[in-house]
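Trainee: Shown below is the structure under consideration.
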Amino acid sequence: MAVHRRGYRRYEGERTGRAARLLVLPRFAWNQLMKQRFVVVIFMLALFWPVACMLFVYLANHRDLLIGVPADLTGFLNVNATFFVTFMNAQATFAVLLAAFAGPSLIAPDLGNGALSLYFSRPFSRGDYLLARMLVLLGIFAPVTWIPGIAIFLMQSGLAGWDWMAGNWVLGAGVVAGFLLWTFFVSLVAMTCSAYVKWRMVAGALVLGTFFVLAGAAEITAEVLEAEWPSAFNPARAMNQIWCTMLGAEPIPGPDALQSLLTLAALSVVMMVVLNRKIRPVEVLS
Amino acid sequence: MTPVIELKNLRVTLGRREILKGISSRLGESGSGKAIGLLGPNGAGKSTLIRTLLGFHKASGGSARILGFDCHSQTRQVLSQVGYMPENDAFIAGMTAVRLLRVMGELSGLPERAALEKAHEVLFHVGLGEARYRPLGEYSLGMKQMAKLAQAIVHGPELVILDEPTNGLDPAARARMLRLVKEMKQDHGMNIVLCSHLLRDVEEVCDEVVILNEGAIVHHADLEAERRANRRFVELEVSGDDAGLAEALKRNDAEGVSEGAGRWRIVLPPAVEVDVIWRLASEQRLDIVRLTHRRDSLEEIFLKAVGHIQSTPGESTAPLEEVVVDGGS
């Protein structure tokens with residue numbers, strides 16, 4: 001019978017579990033995000049560099065195709081830790097751009113429209129909500145970060161032989177773990193900005209500002225104080241240092257990986273505190 | 001039978017202010033399809049009580065249970081059986097009504113297909129069938145209220161909590177909303193908690209009423225019993241010497257108290273008609289300046305409970321149930 005004819009009946013069937021409910025918001029959010037032109041454009045652009053890196057890997061393993069190319073240029077074709085760190089830095093920038101365009105639409109509209117009371121009056125906690133919102137970002141970051149990263153690693157392994165893989169497994173593990181760390185941090189920044197500022201444009205600008213302004217401020221402070229430690233507050237630099245250590249590349253001058261990791265962890269804690277204060281079904285004015 | 005809501009010395013403090021001051025009560029019976037009205041002046045603690053039941057606020061003392069589950073330690077079990085219609089605007093920007101209901105249904109644990117089916121079904125039920133593909137931002141206030149009601153019942157909850165459901169509705173929309181609420185309890189066996197400042201809405205829909213004032217329950221009335229008693233309340237204003245009227249009323253099984261200046265409040269038992277007052281006035285040679293009578297008494301109960309009137313004649317015979325008040329200021 002047609003729905004409009006049969007009238008309302010209470011639902012009495014099976015209920016889904018917590019995992020299925022967690023994926024409800026990401027499913028709908030991904031659908032919405034893929035309708036945003038800027039998000040799609042950045043998403044597509046972010047796939048060019050991995051393709052270029054795959055071509056690099058192919059050429060590095062088929063030097064016979066480069067007959068006539070000077071030896072000092074072909075010597076540059078090495079798939080090593082430096083290559084992966086370079087790849088990761090480029091993709092990390094795209095992740096930040098994606099966060100700036102996709103992040104603000106996640107929490108700000110819910111706060112602006114009082115939707116949180118609708119979510120939290122269901123078997124869906126604040127923790128579930130934050131996790132679901134983070135899954136949205138981790139989901140769109142994955143195809144431009146660790147998935148192409150591991151694809152490149154596997155391609156190199158296939159072309160160079162499994163001995164190479166056994167000897168360089170740390171590169172593959174480092175790419176995945178390094179990207180997961182970065183995307184977690186970027187997601188937190190995007191969610192915090194979205195929760196703090198209700199206007200989407202301002203929230204987007206704030207995401208970019210967090211990375212670029214914070215980077216500038218950290219480096220200027222380091223110069224003024226003639227000290228290295230403020231550089232750890234430059235998130236991109238701090239993460240780069242961590243990646244270099246994880247992948248075994250030459251570390252960059254400045255605070256070491258542990259100091260960088262601790263700084264990013266401290267910033268993450270601050271953002272979690274902000275989220276905990278903002279994501280509430282009702283605001284209590286005391 | 002498990003009570004729908006069970007409060008035991010519930011205390012809630014927000015900031016440094018104690019909002020609920022140790023309230024205790026057992027309201028409704030699960031599966032009975034009854035409506036409980038929650039009344040009280042502004043700042044009485046109605047919304048805080050609702051939010052505590054939903055787990056939004058943590059109790060600073062005592063406990064609150066819904067359908068046998070503790071609202072704090074068993075929040076998931078509670079919320080899977082509850083539907084909530086908030087007072088304020090609450091929707092997801094850019095979404096159509098059908099999509100909102102689908103999301104809400106799925107978050108309540110309905111499988112994808114069932115959630116979509118229920119979303120359509122409920123929207124037709126509340127009269128938004130034709131507008132279900134329009135973005136919620138384009139809805140009128142009345143339509144938004146209906147959409148909020150729809151999202152509260154999409155998953156077929158055992159208990160529906162409605163916070164000021166008729167706010168901002170025109171008379172026709174208000175009547176439709178109240179009819180839907182009555183259907184929910186009568187036809188679908190849902191228990192309802194209706195929080196409203198409109199006494200007529202509560203009286204029309206509810207079977208029990210709880211009156212809160214300054215963070216304490218000051219009255220709990222069984223409106224069903226009240227209706228069964230079928231008493232009539234008369235407000236009378238006369239000119240002349242009314243000294244003998246009280247005695248005359250008593251002889252006719254009615255009770256009345258003088259408020260001075262010829263004003264009287266009278267309670268007539270079911271068997272006594274209003275005509276008797278005309279007869280008594282004539283016998284006492286009194287001129288009737290004004291006479292109003294009504295069957296409902298909720299306004300009187302409410303005013304008395306919150307301290308605006310001192311007493312109601314016939315109070316000792318009234319089939320009202322006084323409730324335990326553990327707290328209070």
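In the structure tokens, chains take letters A, B, ... by order of appearance, with residues numbered from 1 within each chain and ligands from 1 in the order shown.
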Fewer than 3 positions away in the same chain doesn't count, so skip those; otherwise give me all residues within 12 Å of Ala243 of chain B, counting only C-alpha atoms, as a list in words.
Mentor: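 The filter keeps Val238, Ser239, Gly240, Ala246, Glu247, Ala248, Leu249, Gly256, Val257, Ser258, Gly260, Ala261, Gly262, Arg263, Trp264, Ala281, Gln284, Arg285 and Leu286 of chain B.
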Trainee: Residues of chain A no more than 10 Å from chain B, counting only C-alpha atoms: send them over as a PyMOL selection string.
Mentor: chain A and resi 2-18+20-25+27-28+32+105+108-125+280-286
Trainee: Using C-alpha atoms, can you export the residues from the last selection as a short mmCIF file (atom, residue, chain, number, x, y, z; two decimals), in the first residue's frame?
Mentor:
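Below is the file again_15.cif, written as the result:
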data_model
loop_
_atom_site.label_atom_id
_atom_site.label_comp_id
_atom_site.auth_asym_id
_atom_site.auth_seq_id
_atom_site.Cartn_x
_atom_site.Cartn_y
_atom_site.Cartn_z
CA ALA A 2 1.21 3.51 -0.77
CA VAL A 3 2.86 5.23 2.17
CA HIS A 4 0.46 8.18 2.10
CA ARG A 5 -2.56 5.90 2.40
CA ARG A 6 -1.67 3.57 5.16
CA GLY A 7 -1.25 6.08 8.03
CA TYR A 8 1.26 6.10 10.83
CA ARG A 9 2.34 2.94 12.63
CA ARG A 10 4.96 2.72 15.32
CA TYR A 11 8.18 1.05 14.24
CA GLU A 12 8.69 -2.19 16.09
CA GLY A 13 11.38 -3.92 14.02
CA GLU A 14 15.07 -4.59 14.57
CA ARG A 15 17.40 -1.77 15.63
CA THR A 16 20.87 -1.23 14.24
CA GLY A 17 24.00 -1.21 16.40
CA ARG A 18 26.23 1.65 17.46
CA ALA A 20 25.93 1.59 11.97
CA ARG A 21 24.60 4.69 13.74
CA LEU A 22 28.11 6.19 13.80
CA LEU A 23 28.27 6.04 10.02
CA VAL A 24 24.93 7.79 9.46
CA LEU A 25 26.28 11.34 9.71
CA ARG A 27 27.28 9.09 4.85
CA PHE A 28 25.02 12.10 4.59
CA GLN A 32 26.62 16.87 0.74
CA SER A 105 30.02 22.91 7.14
CA ALA A 108 28.71 25.32 12.59
CA PRO A 109 25.30 24.70 10.92
CA ASP A 110 24.29 22.28 13.68
CA LEU A 111 25.15 24.86 16.34
CA GLY A 112 23.46 27.66 14.41
CA ASN A 113 20.24 25.71 13.92
CA GLY A 114 20.02 24.09 17.34
CA ALA A 115 20.36 20.61 15.84
CA LEU A 116 22.47 19.24 18.68
CA SER A 117 19.44 18.68 20.90
CA LEU A 118 17.96 16.53 18.13
CA TYR A 119 21.08 14.37 17.94
CA PHE A 120 21.64 14.03 21.66
CA SER A 121 18.03 13.15 22.44
CA ARG A 122 18.71 9.89 20.59
CA PRO A 123 21.04 7.04 21.52
CA PHE A 124 23.88 9.12 20.10
CA SER A 125 26.29 10.71 22.56
CA ARG A 280 26.53 20.52 24.20
CA PRO A 281 22.82 20.04 23.61
CA VAL A 282 22.03 23.09 25.71
CA GLU A 283 24.12 26.04 26.76
CA VAL A 284 24.09 26.69 30.48
CA LEU A 285 24.71 30.29 31.48
CA SER A 286 25.88 30.33 35.05
#
Trainee: Need the shell around Thr96 of chain B: protein/DNA/RNA residues with any atom at most 8 Å away, counting only C-alpha atoms. Skip same-chain ones fewer than 3 positions apart. Format as a list in words?
Mentor: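 Neighbouring residues, sequence-local ones excluded: Arg99, Leu100, Arg132, Tyr133, Arg134, Pro135 and Leu136 of chain B.
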Trainee: Step one, run DSSP on the backbone; step two, keep only residues of segment 200-300 of chain B assigned to helix (DSSP H, G or I); then write them as an MDAnalysis selection string.
Mentor: chainID B and resid 200:205 223:229 245:251 275:283 298:300
Trainee: At a cut-off of 9 Å, using only C-alpha atoms, what residues contact Leu194 of chain B? Leave out same-chain residues fewer than 5 positions from it and give the result as a list in words.
Mentor: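 Within the cut-off, the hits are Ala35, Ile36, Gly37, Leu38, Leu39, Val160, Ile161, Leu162, Asp163, Glu164, Pro165, Asp201, Val202, Val205 and Cys206 of chain B.
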Trainee: Save out the residues we just selected, C-alpha atoms, as a PDB file, in the first residue's frame.
Mentor:
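The resulting file, out.pdb, is reproduced below:
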ATOM      1  CA  ALA B  35      -0.315  12.018  28.853  1.00  0.00           C
ATOM      2  CA  ILE B  36       1.353  13.851  31.686  1.00  0.00           C
ATOM      3  CA  GLY B  37       1.195  17.621  31.701  1.00  0.00           C
ATOM      4  CA  LEU B  38       4.100  19.564  33.092  1.00  0.00           C
ATOM      5  CA  LEU B  39       3.036  23.000  34.228  1.00  0.00           C
ATOM      6  CA  VAL B 160       7.327  11.351  23.632  1.00  0.00           C
ATOM      7  CA  ILE B 161       8.421  14.532  25.385  1.00  0.00           C
ATOM      8  CA  LEU B 162       6.883  17.643  23.877  1.00  0.00           C
ATOM      9  CA  ASP B 163       8.216  21.012  24.961  1.00  0.00           C
ATOM     10  CA  GLU B 164       5.674  23.760  24.192  1.00  0.00           C
ATOM     11  CA  PRO B 165       4.375  22.060  21.034  1.00  0.00           C
ATOM     12  CA  ASP B 201      -3.640  22.585  25.955  1.00  0.00           C
ATOM     13  CA  VAL B 202      -2.707  20.545  28.998  1.00  0.00           C
ATOM     14  CA  VAL B 205      -4.711  16.398  26.202  1.00  0.00           C
ATOM     15  CA  CYS B 206      -3.409  15.259  29.566  1.00  0.00           C
TER      16      CYS B 206
END
